[in-house]
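I have placed the structure first, in the form of structure tokens, so that the comments after it can refer back to it.
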Amino acid sequence: MSVKRKTGLMISKGTSIKLPLISFEEGGATICYCPALDISGYGYSEKEAMDSYKYVMAEYLDHSIQKDTLQKDLKRMGWHITTNLRKNIIPPPVTMLLEHNTNFKRVFEKFDYKKLSTSVQFPAFS
């Protein structure tokens with residue numbers, strides 16, 4: 001997923017990261033949840049939930065890039081950011097997420113879920 005900024009520019013340089021998502025049902029809604037970023041979307045179907053997730057992800061990236069808080073936010077969530085240009089951003093391992101992310105742990109322990117994935121284009125950090 002690349003992000004179209006409000007200026008109309010696409011973020012094209014940086015690192016594309018494949019992130020795990022989980023899809024589950026709660027309270028009559030389908031939810032697509034990305035534990036590595038603690039972001040979710042929802043809808044009446046998995047397609048609606050995925051569309052909602054993509055919208056929320058784009059808004060999150062746009063906002064955090066504009067406010068220059070993305071790197072700080074990712075580090076707070078356990079991401080590893082390096083100066084290696086080939087792979088300068090590494091998401092936290094699932095084992096760490098299960099230990100520290102209460103939302104993910106609750107879903108993992110209490111719901112039937114399906115594993116999905118998506119690619120997200122992050123800007124390069126220097």
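Lettering and numbering for the structure tokens are positional, with chains as A, B, ... in the shown order, residues counted from 1 in each chain, and ligands counted from 1 in the shown order.
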Checklist entry - Within 12 Å of range 39-43 of chain A, counting only C-alpha atoms, which residues qualify if same-chain residues fewer than 6 places away don't, as a VMD selection string? => result chain A and resid 19 to 33 49 to 61 77 101 103 to 104
Next on the checklist: Going by DSSP on the backbone, which residues of chain A come out as strand (DSSP E or B)? List them as a PyMOL selection string.
Outcome noted: chain A and resi 4+10+15-26+29-34+39-43+80-81+89-90+113-122
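Distances to Thr102 in chain A were evaluated for A:Tyr44, A:Leu116, A:Ile81, A:Pro35 using only C-alpha atoms, and the minimum falls at A:Pro35.
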Checklist outcome for this item: One decimal place gives the CA of Cys34 in chain A-CA of Asn88 in chain A separation as 20.0 Å
Next on the checklist: Applying 10 Å and only C-alpha atoms, which residues near Ile17 in chain A remain after dropping the ones on its own chain fewer than 6 positions away? List them as a list in words.
Outcome noted: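 Contacts, with the query itself left out: Met1, Lys87, Ile89, Ile90, Pro91, Thr118, Ser119, Val120, Gln121 and Phe122 of chain A.
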Residue subset to file, keeping N, CA and C atoms, as an mmCIF file, in the first residue's frame:
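Writing the result to again_22.cif gives the following:
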```cif
data_model
loop_
_atom_site.group_PDB
_atom_site.id
_atom_site.type_symbol
_atom_site.label_atom_id
_atom_site.label_comp_id
_atom_site.auth_asym_id
_atom_site.auth_seq_id
_atom_site.Cartn_x
_atom_site.Cartn_y
_atom_site.Cartn_z
ATOM 1 N N MET A 1 0.849 -1.155 0.000
ATOM 2 C CA MET A 1 0.000 0.000 0.000
ATOM 3 C C MET A 1 0.900 1.225 0.000
ATOM 4 N N LYS A 87 17.126 -2.377 4.430
ATOM 5 C CA LYS A 87 16.031 -2.745 5.345
ATOM 6 C C LYS A 87 16.195 -1.914 6.600
ATOM 7 N N ILE A 89 13.795 -0.577 8.462
ATOM 8 C CA ILE A 89 12.661 -0.583 9.379
ATOM 9 C C ILE A 89 12.171 -2.022 9.546
ATOM 10 N N ILE A 90 12.132 -2.485 10.787
ATOM 11 C CA ILE A 90 11.793 -3.877 11.073
ATOM 12 C C ILE A 90 10.670 -3.900 12.109
ATOM 13 N N PRO A 91 9.535 -4.532 11.771
ATOM 14 C CA PRO A 91 8.428 -4.580 12.728
ATOM 15 C C PRO A 91 8.762 -5.468 13.916
ATOM 16 N N THR A 118 -0.703 -7.655 4.472
ATOM 17 C CA THR A 118 -0.739 -6.501 3.589
ATOM 18 C C THR A 118 0.657 -5.910 3.526
ATOM 19 N N SER A 119 0.945 -5.219 2.459
ATOM 20 C CA SER A 119 2.226 -4.527 2.343
ATOM 21 C C SER A 119 1.996 -3.043 2.555
ATOM 22 N N VAL A 120 2.886 -2.441 3.311
ATOM 23 C CA VAL A 120 2.801 -1.014 3.603
ATOM 24 C C VAL A 120 4.102 -0.358 3.183
ATOM 25 N N GLN A 121 3.999 0.757 2.489
ATOM 26 C CA GLN A 121 5.180 1.507 2.040
ATOM 27 C C GLN A 121 5.502 2.573 3.084
ATOM 28 N N PHE A 122 6.644 2.416 3.756
ATOM 29 C CA PHE A 122 7.095 3.383 4.738
ATOM 30 C C PHE A 122 8.175 4.269 4.108
#
```
Checklist entry - Interatomic distance between CA of Lys75 in chain A and CA of Glu109 in chain A? => result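 One can read the CA of Lys75 in chain A to CA of Glu109 in chain A distance as 25.5 Å.
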Item to check | Coordinates-based distance that separates CA of Lys18 in chain A from CA of His100 in chain A (Å, one decimal) | outcome: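 Pair CA of His100 in chain A / CA of Lys18 in chain A returns 20.7 Å.
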Next on the checklist: Using only C-alpha atoms, can you tell me which of A:Val94, A:Val107, A:Ala124, A:Leu74 comes closest to Ser16 in chain A?
Outcome noted: A:Ala124
Checklist entry - Could you write out, as a PyMOL selection string, all the residues of chain A that DSSP marks as helix (DSSP H, G or I)? => result chain A and resi 46-66+70-76+94-100+102-110
